[in-house]
$ cat upload_35.pdb   # PDB, C-alpha atoms, pLDDT in the B column
MODEL        1
ATOM      1  CA  MET A   1      14.770  92.430   4.756  1.00 68.00           C
ATOM      2  CA  ALA A   2      18.213  91.458   5.961  1.00 82.00           C
ATOM      3  CA  ILE A   3      18.787  87.780   6.730  1.00 84.00           C
ATOM      4  CA  ILE A   4      22.338  88.272   8.105  1.00 84.00           C
ATOM      5  CA  ASN A   5      23.517  90.439  10.957  1.00 83.00           C
ATOM      6  CA  LYS A   6      26.906  91.830   9.863  1.00 82.00           C
ATOM      7  CA  GLY A   7      29.792  91.229  12.201  1.00 80.00           C
ATOM      8  CA  LYS A   8      30.934  94.870  12.240  1.00 83.00           C
ATOM      9  CA  THR A   9      29.402  98.253  11.456  1.00 83.00           C
ATOM     10  CA  PHE A  10      31.542 100.829   9.653  1.00 80.00           C
ATOM     11  CA  ASN A  11      31.370 104.556  10.301  1.00 84.00           C
ATOM     12  CA  ASN A  12      31.734 107.198   7.556  1.00 85.00           C
ATOM     13  CA  GLY A  13      35.353 107.957   6.956  1.00 79.00           C
ATOM     14  CA  GLU A  14      36.569 104.867   8.823  1.00 80.00           C
ATOM     15  CA  GLN A  15      39.606 103.253   7.296  1.00 85.00           C
ATOM     16  CA  LEU A  16      39.018  99.745   5.797  1.00 81.00           C
ATOM     17  CA  THR A  17      41.491  97.091   6.901  1.00 84.00           C
ATOM     18  CA  ALA A  18      41.776  93.324   6.462  1.00 81.00           C
ATOM     19  CA  GLU A  19      41.117  92.803  10.178  1.00 85.00           C
ATOM     20  CA  LYS A  20      37.868  94.750   9.990  1.00 78.00           C
ATOM     21  CA  LEU A  21      36.770  92.820   6.889  1.00 78.00           C
ATOM     22  CA  ASN A  22      37.422  89.558   8.766  1.00 79.00           C
ATOM     23  CA  GLN A  23      35.242  90.811  11.632  1.00 82.00           C
ATOM     24  CA  VAL A  24      32.391  91.468   9.182  1.00 77.00           C
ATOM     25  CA  ILE A  25      32.503  87.838   8.037  1.00 83.00           C
ATOM     26  CA  ASP A  26      33.551  85.976  11.194  1.00 79.00           C
ATOM     27  CA  ASN A  27      31.099  87.714  13.533  1.00 84.00           C
ATOM     28  CA  ALA A  28      28.110  87.619  11.193  1.00 84.00           C
ATOM     29  CA  THR A  29      24.909  85.823  12.394  1.00 85.00           C
ATOM     30  CA  PHE A  30      21.594  84.889  10.832  1.00 83.00           C
ATOM     31  CA  THR A  31      18.520  86.977  11.545  1.00 85.00           C
ATOM     32  CA  THR A  32      15.068  85.536  12.205  1.00 83.00           C
ATOM     33  CA  SER A  33      14.217  86.439   8.645  1.00 87.00           C
ATOM     34  CA  ALA A  34      16.549  83.689   7.466  1.00 84.00           C
ATOM     35  CA  VAL A  35      14.121  80.953   8.652  1.00 86.00           C
ATOM     36  CA  ASP A  36      10.393  80.334   8.203  1.00 85.00           C
ATOM     37  CA  ASN A  37       9.899  78.628  11.599  1.00 85.00           C
ATOM     38  CA  VAL A  38       7.871  75.960   9.790  1.00 84.00           C
ATOM     39  CA  SER A  39      10.477  73.753   8.221  1.00 86.00           C
ATOM     40  CA  THR A  40      13.561  75.586   9.584  1.00 88.00           C
ATOM     41  CA  GLN A  41      14.501  77.441  12.761  1.00 90.00           C
ATOM     42  CA  LEU A  42      17.469  79.144  14.455  1.00 88.00           C
ATOM     43  CA  ALA A  43      19.459  77.158  16.977  1.00 87.00           C
ATOM     44  CA  GLY A  44      22.109  79.403  18.479  1.00 83.00           C
ATOM     45  CA  GLU A  45      23.963  80.798  15.472  1.00 81.00           C
ATOM     46  CA  ALA A  46      22.943  77.983  13.108  1.00 87.00           C
ATOM     47  CA  ILE A  47      19.934  77.208  10.927  1.00 88.00           C
ATOM     48  CA  ILE A  48      18.495  73.755  11.546  1.00 89.00           C
ATOM     49  CA  VAL A  49      15.598  71.702  10.121  1.00 86.00           C
ATOM     50  CA  LYS A  50      12.624  71.484  12.468  1.00 86.00           C
ATOM     51  CA  ASP A  51      11.487  67.992  13.571  1.00 79.00           C
ATOM     52  CA  GLY A  52       8.322  68.354  11.521  1.00 78.00           C
ATOM     53  CA  GLY A  53      10.016  70.118   8.669  1.00 78.00           C
ATOM     54  CA  VAL A  54      10.895  67.049   6.576  1.00 79.00           C
ATOM     55  CA  THR A  55       7.736  65.956   4.786  1.00 80.00           C
ATOM     56  CA  THR A  56       7.229  63.209   2.227  1.00 79.00           C
ATOM     57  CA  ALA A  57       6.931  65.789  -0.504  1.00 80.00           C
ATOM     58  CA  LYS A  58      10.439  67.080   0.278  1.00 77.00           C
ATOM     59  CA  LEU A  59      12.081  63.642  -0.005  1.00 80.00           C
ATOM     60  CA  ASN A  60      13.336  62.420  -3.338  1.00 85.00           C
ATOM     61  CA  ASP A  61      12.277  58.778  -3.852  1.00 84.00           C
ATOM     62  CA  SER A  62      15.808  57.757  -4.767  1.00 86.00           C
ATOM     63  CA  ALA A  63      17.097  59.238  -1.500  1.00 82.00           C
ATOM     64  CA  VAL A  64      15.031  56.847   0.663  1.00 82.00           C
ATOM     65  CA  THR A  65      17.176  53.703   0.778  1.00 86.00           C
ATOM     66  CA  THR A  66      17.141  50.717   3.111  1.00 83.00           C
ATOM     67  CA  ALA A  67      20.461  51.804   4.598  1.00 87.00           C
ATOM     68  CA  LYS A  68      18.935  55.121   5.695  1.00 84.00           C
ATOM     69  CA  ILE A  69      15.992  53.555   7.544  1.00 85.00           C
ATOM     70  CA  ALA A  70      16.735  52.374  11.086  1.00 87.00           C
ATOM     71  CA  ASP A  71      15.398  48.904  11.876  1.00 85.00           C
ATOM     72  CA  ALA A  72      13.710  50.243  15.012  1.00 87.00           C
ATOM     73  CA  ASN A  73      11.683  52.688  12.902  1.00 84.00           C
ATOM     74  CA  VAL A  74      10.058  49.966  10.806  1.00 84.00           C
ATOM     75  CA  THR A  75       6.987  49.196  12.929  1.00 86.00           C
ATOM     76  CA  THR A  76       3.729  47.451  12.097  1.00 83.00           C
ATOM     77  CA  ALA A  77       1.875  50.759  12.326  1.00 86.00           C
ATOM     78  CA  LYS A  78       4.035  52.183   9.505  1.00 82.00           C
ATOM     79  CA  ILE A  79       3.394  49.306   7.085  1.00 85.00           C
ATOM     80  CA  ALA A  80       0.207  49.415   5.017  1.00 86.00           C
ATOM     81  CA  ASP A  81      -1.644  46.096   4.930  1.00 84.00           C
ATOM     82  CA  SER A  82      -1.787  46.213   1.126  1.00 86.00           C
ATOM     83  CA  ASN A  83       2.024  46.304   0.987  1.00 83.00           C
ATOM     84  CA  VAL A  84       2.436  42.989   2.803  1.00 83.00           C
ATOM     85  CA  THR A  85       2.231  40.515  -0.089  1.00 86.00           C
ATOM     86  CA  THR A  86       3.469  36.951  -0.433  1.00 83.00           C
ATOM     87  CA  ALA A  87       6.063  38.043  -2.981  1.00 86.00           C
ATOM     88  CA  LYS A  88       7.661  40.407  -0.447  1.00 81.00           C
ATOM     89  CA  ILE A  89       8.093  37.734   2.251  1.00 83.00           C
ATOM     90  CA  ALA A  90      11.239  35.640   1.874  1.00 83.00           C
ATOM     91  CA  ASP A  91      10.701  31.907   2.440  1.00 81.00           C
ATOM     92  CA  ALA A  92      13.569  31.893   4.943  1.00 82.00           C
ATOM     93  CA  ASN A  93      11.718  34.450   7.078  1.00 79.00           C
ATOM     94  CA  VAL A  94       8.640  32.266   7.528  1.00 78.00           C
ATOM     95  CA  THR A  95       9.743  30.402  10.640  1.00 77.00           C
ATOM     96  CA  PHE A  96       7.754  28.506  13.268  1.00 72.00           C
ATOM     97  CA  ALA A  97       8.554  31.204  15.818  1.00 73.00           C
ATOM     98  CA  LYS A  98       6.653  33.754  13.702  1.00 72.00           C
ATOM     99  CA  LEU A  99       3.492  31.621  13.480  1.00 73.00           C
ATOM    100  CA  THR A 100       1.357  32.638  16.431  1.00 76.00           C
ATOM    101  CA  ASP A 101      -1.622  30.388  15.672  1.00 83.00           C
ATOM    102  CA  VAL A 102       0.267  27.047  15.406  1.00 87.00           C
ATOM    103  CA  ILE A 103       1.003  25.078  18.580  1.00 88.00           C
ATOM    104  CA  ASP A 104       3.616  22.408  19.213  1.00 88.00           C
ATOM    105  CA  ASP A 105       2.030  20.678  22.187  1.00 89.00           C
ATOM    106  CA  ASP A 106       2.205  16.891  22.490  1.00 90.00           C
ATOM    107  CA  THR A 107      -0.553  16.898  25.139  1.00 89.00           C
ATOM    108  CA  MET A 108      -2.875  19.312  23.253  1.00 89.00           C
ATOM    109  CA  ALA A 109      -3.473  21.110  26.553  1.00 91.00           C
ATOM    110  CA  THR A 110      -3.101  24.509  24.820  1.00 89.00           C
ATOM    111  CA  ALA A 111      -5.310  23.658  21.828  1.00 88.00           C
ATOM    112  CA  THR A 112      -8.159  26.031  20.962  1.00 88.00           C
ATOM    113  CA  ALA A 113     -10.826  26.256  18.294  1.00 88.00           C
ATOM    114  CA  THR A 114      -8.702  28.724  16.289  1.00 86.00           C
ATOM    115  CA  THR A 115      -5.199  27.182  16.480  1.00 88.00           C
ATOM    116  CA  LEU A 116      -3.466  24.613  14.295  1.00 88.00           C
ATOM    117  CA  ALA A 117      -1.019  21.956  15.516  1.00 90.00           C
ATOM    118  CA  THR A 118       2.219  20.527  14.120  1.00 89.00           C
ATOM    119  CA  SER A 119       2.134  17.049  12.593  1.00 91.00           C
ATOM    120  CA  GLU A 120       4.644  15.891  15.214  1.00 92.00           C
ATOM    121  CA  SER A 121       2.448  16.975  18.123  1.00 91.00           C
ATOM    122  CA  ILE A 122      -0.654  15.402  16.546  1.00 93.00           C
ATOM    123  CA  LYS A 123       1.179  12.088  16.113  1.00 92.00           C
ATOM    124  CA  ALA A 124       2.545  12.213  19.652  1.00 91.00           C
ATOM    125  CA  TYR A 125      -0.921  12.923  21.055  1.00 88.00           C
ATOM    126  CA  VAL A 126      -2.582  10.084  19.112  1.00 87.00           C
ATOM    127  CA  ASP A 127       0.219   7.682  20.045  1.00 83.00           C
ATOM    128  CA  SER A 128      -0.275   8.573  23.705  1.00 82.00           C
ATOM    129  CA  LEU A 129      -3.989   7.774  23.437  1.00 79.00           C
ATOM    130  CA  LEU A 130      -3.296   4.446  21.797  1.00 72.00           C
ATOM    131  CA  SER A 131      -0.818   3.549  24.500  1.00 69.00           C
ATOM    132  CA  VAL A 132      -3.531   4.169  27.085  1.00 68.00           C
ATOM    133  CA  ILE A 133      -6.192   2.157  25.217  1.00 75.00           C
ATOM    134  CA  PHE A 134      -4.043  -0.924  24.610  1.00 77.00           C
ATOM    135  CA  THR A 135      -0.816  -1.456  26.499  1.00 80.00           C
ATOM    136  CA  GLU A 136      -0.621  -5.263  26.224  1.00 89.00           C
ATOM    137  CA  SER A 137      -1.660  -7.899  23.710  1.00 92.00           C
ATOM    138  CA  PHE A 138      -1.783 -11.681  23.488  1.00 96.00           C
ATOM    139  CA  GLU A 139      -2.156 -14.209  20.670  1.00 96.00           C
ATOM    140  CA  SER A 140      -2.519 -17.921  21.234  1.00 96.00           C
ATOM    141  CA  SER A 141      -0.865 -20.668  19.272  1.00 96.00           C
ATOM    142  CA  GLU A 142      -2.840 -21.975  16.263  1.00 96.00           C
ATOM    143  CA  ILE A 143      -5.565 -24.515  17.039  1.00 94.00           C
ATOM    144  CA  ASP A 144      -6.910 -27.113  14.581  1.00 92.00           C
ATOM    145  CA  PRO A 145     -10.622 -26.791  13.696  1.00 86.00           C
ATOM    146  CA  PRO A 146     -13.365 -27.963  13.385  1.00 75.00           C
ATOM    147  CA  LEU A 147     -14.501 -27.852  16.979  1.00 71.00           C
ATOM    148  CA  VAL A 148     -17.903 -29.396  17.625  1.00 71.00           C
ATOM    149  CA  GLY A 149     -19.941 -31.160  20.280  1.00 73.00           C
ATOM    150  CA  ASN A 150     -19.346 -29.585  23.689  1.00 79.00           C
ATOM    151  CA  THR A 151     -15.735 -28.666  22.945  1.00 84.00           C
ATOM    152  CA  THR A 152     -13.926 -25.920  24.853  1.00 89.00           C
ATOM    153  CA  VAL A 153     -10.551 -24.525  23.849  1.00 91.00           C
ATOM    154  CA  SER A 154      -8.659 -22.187  26.139  1.00 92.00           C
ATOM    155  CA  ALA A 155      -5.361 -20.309  26.368  1.00 95.00           C
ATOM    156  CA  SER A 156      -3.625 -18.676  29.329  1.00 96.00           C
ATOM    157  CA  HIS A 157      -3.017 -15.082  28.262  1.00 95.00           C
ATOM    158  CA  SER A 158      -0.579 -13.945  31.021  1.00 89.00           C
ATOM    159  CA  LEU A 159      -1.855 -10.368  30.744  1.00 95.00           C
ATOM    160  CA  SER A 160      -1.844  -8.054  33.761  1.00 93.00           C
ATOM    161  CA  SER A 161      -5.646  -7.907  33.988  1.00 93.00           C
ATOM    162  CA  THR A 162      -8.865  -9.103  32.379  1.00 94.00           C
ATOM    163  CA  PRO A 163      -8.707  -8.190  28.674  1.00 93.00           C
ATOM    164  CA  LYS A 164     -10.732  -5.216  27.431  1.00 89.00           C
ATOM    165  CA  ILE A 165     -11.182  -6.858  24.032  1.00 91.00           C
ATOM    166  CA  ALA A 166     -10.947 -10.528  22.993  1.00 93.00           C
ATOM    167  CA  GLN A 167     -11.298 -12.213  19.618  1.00 92.00           C
ATOM    168  CA  ALA A 168     -11.449 -15.698  18.159  1.00 93.00           C
ATOM    169  CA  VAL A 169     -10.442 -15.761  14.485  1.00 95.00           C
ATOM    170  CA  TYR A 170     -10.151 -18.397  11.804  1.00 95.00           C
ATOM    171  CA  ARG A 171      -6.885 -17.725   9.964  1.00 97.00           C
ATOM    172  CA  CYS A 172      -6.567 -18.920   6.380  1.00 97.00           C
ATOM    173  CA  LYS A 173      -3.378 -20.945   5.905  1.00 98.00           C
ATOM    174  CA  ILE A 174      -4.165 -22.381   2.445  1.00 98.00           C
ATOM    175  CA  ALA A 175      -6.451 -20.577  -0.032  1.00 97.00           C
ATOM    176  CA  ASP A 176      -9.926 -21.966   0.460  1.00 97.00           C
ATOM    177  CA  ASN A 177     -13.566 -21.195  -0.420  1.00 96.00           C
ATOM    178  CA  GLY A 178     -12.755 -17.835  -2.001  1.00 96.00           C
ATOM    179  CA  TRP A 179     -10.477 -16.686   0.844  1.00 96.00           C
ATOM    180  CA  SER A 180      -6.745 -15.929   0.536  1.00 97.00           C
ATOM    181  CA  VAL A 181      -3.811 -16.931   2.734  1.00 97.00           C
ATOM    182  CA  GLY A 182      -3.604 -14.579   5.704  1.00 97.00           C
ATOM    183  CA  ASP A 183      -7.313 -13.660   5.699  1.00 97.00           C
ATOM    184  CA  GLU A 184      -8.941 -13.858   9.106  1.00 96.00           C
ATOM    185  CA  ILE A 185     -12.629 -14.527   9.725  1.00 95.00           C
ATOM    186  CA  ILE A 186     -13.732 -13.186  13.102  1.00 92.00           C
ATOM    187  CA  ALA A 187     -15.686 -15.824  15.016  1.00 85.00           C
ATOM    188  CA  VAL A 188     -18.313 -14.353  17.330  1.00 73.00           C
ATOM    189  CA  SER A 189     -20.410 -15.631  20.189  1.00 61.00           C
ATOM    190  CA  ASP A 190     -23.502 -17.063  18.499  1.00 58.00           C
ATOM    191  CA  SER A 191     -26.884 -18.443  19.502  1.00 54.00           C
ATOM    192  CA  ASP A 192     -29.146 -20.741  17.482  1.00 53.00           C
ATOM    193  CA  SER A 193     -32.749 -21.116  18.747  1.00 53.00           C
ATOM    194  CA  GLY A 194     -31.506 -20.662  22.297  1.00 52.00           C
ATOM    195  CA  LEU A 195     -29.127 -23.632  22.170  1.00 55.00           C
ATOM    196  CA  GLY A 196     -25.988 -21.603  21.523  1.00 54.00           C
ATOM    197  CA  HIS A 197     -23.447 -22.465  18.833  1.00 70.00           C
ATOM    198  CA  ALA A 198     -20.345 -20.888  20.378  1.00 78.00           C
ATOM    199  CA  GLY A 199     -19.306 -18.495  23.110  1.00 84.00           C
ATOM    200  CA  LEU A 200     -16.139 -16.481  23.812  1.00 89.00           C
ATOM    201  CA  VAL A 201     -15.292 -15.905  27.480  1.00 92.00           C
ATOM    202  CA  VAL A 202     -12.392 -14.045  29.141  1.00 94.00           C
ATOM    203  CA  ASN A 203     -11.181 -13.710  32.700  1.00 95.00           C
ATOM    204  CA  SER A 204      -8.030 -12.503  34.453  1.00 95.00           C
ATOM    205  CA  SER A 205      -5.999 -15.526  33.319  1.00 96.00           C
ATOM    206  CA  GLU A 206      -7.680 -17.251  30.359  1.00 96.00           C
ATOM    207  CA  ILE A 207      -9.530 -16.920  27.084  1.00 95.00           C
ATOM    208  CA  LYS A 208     -12.084 -19.673  26.475  1.00 93.00           C
ATOM    209  CA  TYR A 209     -13.978 -20.477  23.294  1.00 90.00           C
ATOM    210  CA  ARG A 210     -16.739 -23.101  23.702  1.00 85.00           C
ATOM    211  CA  PHE A 211     -18.717 -24.941  21.022  1.00 79.00           C
ATOM    212  CA  ASN A 212     -22.064 -26.469  21.934  1.00 74.00           C
ATOM    213  CA  TYR A 213     -22.892 -28.873  19.175  1.00 66.00           C
ATOM    214  CA  SER A 214     -22.384 -28.191  15.429  1.00 67.00           C
ATOM    215  CA  ALA A 215     -19.479 -26.538  13.641  1.00 73.00           C
ATOM    216  CA  LEU A 216     -19.994 -22.884  12.732  1.00 78.00           C
ATOM    217  CA  ARG A 217     -20.503 -21.992   9.052  1.00 83.00           C
ATOM    218  CA  TYR A 218     -19.217 -18.854   7.304  1.00 88.00           C
ATOM    219  CA  PRO A 219     -19.878 -17.280   3.896  1.00 91.00           C
ATOM    220  CA  HIS A 220     -17.834 -18.102   0.826  1.00 93.00           C
ATOM    221  CA  GLY A 221     -15.237 -15.454   0.013  1.00 92.00           C
ATOM    222  CA  THR A 222     -16.579 -14.656  -3.458  1.00 92.00           C
ATOM    223  CA  SER A 223     -19.759 -16.636  -4.213  1.00 91.00           C
ATOM    224  CA  SER A 224     -23.280 -15.883  -3.011  1.00 88.00           C
ATOM    225  CA  ASN A 225     -25.484 -18.314  -1.106  1.00 87.00           C
ATOM    226  CA  VAL A 226     -22.531 -20.589  -0.348  1.00 90.00           C
ATOM    227  CA  GLY A 227     -21.271 -21.402   3.142  1.00 89.00           C
ATOM    228  CA  PHE A 228     -18.594 -23.598   4.661  1.00 91.00           C
ATOM    229  CA  SER A 229     -17.093 -24.667   7.985  1.00 88.00           C
ATOM    230  CA  PRO A 230     -13.364 -23.922   8.392  1.00 91.00           C
ATOM    231  CA  THR A 231     -11.272 -27.063   8.805  1.00 93.00           C
ATOM    232  CA  SER A 232      -7.573 -27.859   9.200  1.00 94.00           C
ATOM    233  CA  PRO A 233      -5.096 -27.666   7.498  1.00 96.00           C
ATOM    234  CA  ASN A 234      -6.634 -24.831   5.434  1.00 97.00           C
ATOM    235  CA  TRP A 235      -7.704 -22.925   8.563  1.00 97.00           C
ATOM    236  CA  LYS A 236      -6.434 -22.468  12.083  1.00 96.00           C
ATOM    237  CA  LEU A 237      -8.278 -21.007  15.092  1.00 95.00           C
ATOM    238  CA  VAL A 238      -6.419 -18.238  16.991  1.00 96.00           C
ATOM    239  CA  LEU A 239      -7.466 -16.556  20.244  1.00 96.00           C
ATOM    240  CA  LYS A 240      -6.476 -12.887  20.782  1.00 95.00           C
ATOM    241  CA  ALA A 241      -6.757 -10.509  23.729  1.00 94.00           C
ATOM    242  CA  TYR A 242      -5.877  -6.857  24.464  1.00 92.00           C
ATOM    243  CA  VAL A 243      -5.468  -4.874  27.707  1.00 88.00           C
TER
ENDMDL
END
$ encode --input "upload_35.pdb" --output "structure tokens"
Amino acid sequence: MAIINKGKTFNNGEQLTAEKLNQVIDNATFTTSAVDNVSTQLAGEAIIVKDGGVTTAKLNDSAVTTAKIADANVTTAKIADSNVTTAKIADANVTFAKLTDVIDDDTMATATATTLATSESIKAYVDSLLSVIFTESFESSEIDPPLVGNTTVSASHSLSSTPKIAQAVYRCKIADNGWSVGDEIIAVSDSDSGLGHAGLVVNSSEIKYRFNYSALRYPHGTSSNVGFSPTSPNWKLVLKAYV
């Protein structure tokens, strides 16, 4: 079965010349027998590879190089899940832009049950909450205890509104009764058999701490069943308020 159509047909007795030999070669074409129409086909006077003619089996492994694969042809669908391993991902390619489940949102408005957040956005969000809870603070000058017998101490706080939280603390100035310098014992409003030892009161301009009759006693810093009443110079009373 011929696979080439000769470019010229000779008759018996015809003289052979160089021109006629050139015609045989130059005008020759492929016949349909030259292709299988599976992997190859005729296109005009040429034999070409069909689109589906190049199979994996026909490609030599060494012939498939990175340079021969167009970037646009490397799609997710063509990558087997088992081939995506940690070792094959360069550290430099793991960028924030490629992380779809991590948000950078200082307000947390886009947070969901399945997303993570950056440390910066978490800090910014918490800081914003703290700024809303307490925007102002006040601390009085140090007051000498003990305070007994219908004594009221007060301090003008100069805050913009009535404090949300107020405290009276005894601040240790000299180590005493098991407590160290800088320790603060929080003094609370207290009642004894309905008479009332002490009470802390706040309003839009002042903090007041009133003692009814006897000095308050507090536990020893290290020993059991031992109490004491803070006195100056070892202790100072400080009034605090927060808005």
$ residues_near_point --input "upload_35.pdb" --point "(-11.3, -14.5, 18.0)" --cutoff "6 Å" --atoms "only C-alpha atoms" --output "VMD selection string"
chain A and resid 167 to 169 186 to 187 239 to 240
$ resolve_selection --input "upload_35.pdb" --expression "the PyMOL selection byres ((chain A and resi 87-103) around 10)" --output "ChimeraX atom specification"
/A:83-86,104-106,108-112,114-118,121
$ atom_distance --input "upload_35.pdb" --atom1 "atom CA of A:Lys173" --atom2 "atom CA of A:Gly221"
14.3 Å
$ closest_residue --input "upload_35.pdb" --among "A:Val126, A:Thr135, A:Lys208, A:Gly182" --to "A:Thr151" --atoms "all atoms listed in the file"
A:Lys208
$ residues_around --input "upload_35.pdb" --residues "A:Ala43" --least-positions-apart "2" --cutoff "12 Å" --atoms "only C-alpha atoms" --output "JSON, numbers by chain"
{"A": [29, 30, 31, 32, 34, 35, 37, 40, 41, 45, 46, 47, 48, 49, 50]}
$ resolve_selection --input "upload_35.pdb" --expression "the PyMOL selection byres ((chain A and resi 214-220) around 6)" --output "VMD selection string"
chain A and resid 148 177 to 178 213 221 to 223 226 to 229
$ residues_near_point --input "upload_35.pdb" --point "(-10.9, -15.2, 24.5)" --cutoff "9 Å" --atoms "all atoms listed in the file" --output "list in words"
Ser154, Ala155, His157, Pro163, Ile165, Ala166, Gln167, Ala168, Leu200, Val201, Val202, Asn203, Glu206, Ile207, Lys208, Tyr209, Leu239, Lys240 and Ala241 of chain A
$ closest_residue --input "upload_35.pdb" --among "A:Thr162, A:Thr65, A:Thr9, A:Ser119" --to "A:Phe138" --atoms "only C-alpha atoms"
A:Thr162
$ atom_distance --input "upload_35.pdb" --atom1 "atom CA of A:Lys236" --atom2 "atom CA of A:Phe134"
25.0 Å
$ axis_aligned_box --input "upload_35.pdb" --around "stretch 76-93 of chain A" --padding-each-side "3 Å" --output "JSON"
{"center_x": 5.9, "center_y": 42.0, "center_z": 4.7, "size_x": 21.4, "size_y": 26.3, "size_z": 21.3}
$ residues_around --input "upload_35.pdb" --residues "A:Ser232" --least-positions-apart "5" --cutoff "8 Å" --atoms "all atoms listed in the file" --output "ChimeraX atom specification"
/A:144-146
$ resolve_selection --input "upload_35.pdb" --expression "the PyMOL selection byres ((chain A and resi 233) around 12)" --output "list in words"
Glu142, Ile143, Asp144, Pro145, Pro146, Tyr170, Arg171, Cys172, Lys173, Ile174, Ala175, Asp176, Val181, Pro230, Thr231, Ser232, Asn234, Trp235, Lys236 and Leu237 of chain A
$ atom_distance --input "upload_35.pdb" --atom1 "atom CA of A:Gly199" --atom2 "atom CA of A:Lys164"
16.4 Å
$ residues_around --input "upload_35.pdb" --residues "A:Ile133" --least-positions-apart "5" --cutoff "10 Å" --atoms "all atoms listed in the file" --output "list in words"
Asp127, Ser128, Lys164, Tyr242 and Val243 of chain A
$ closest_residue --input "upload_35.pdb" --among "A:Glu120, A:Glu136, A:Ser160, A:Ile4" --to "A:Ala28" --atoms "only C-alpha atoms"
A:Ile4
$ closest_residue --input "upload_35.pdb" --among "A:Asp71, A:Asp26, A:Glu184, A:Glu139" --to "A:Lys6" --atoms "all atoms listed in the file"
A:Asp26
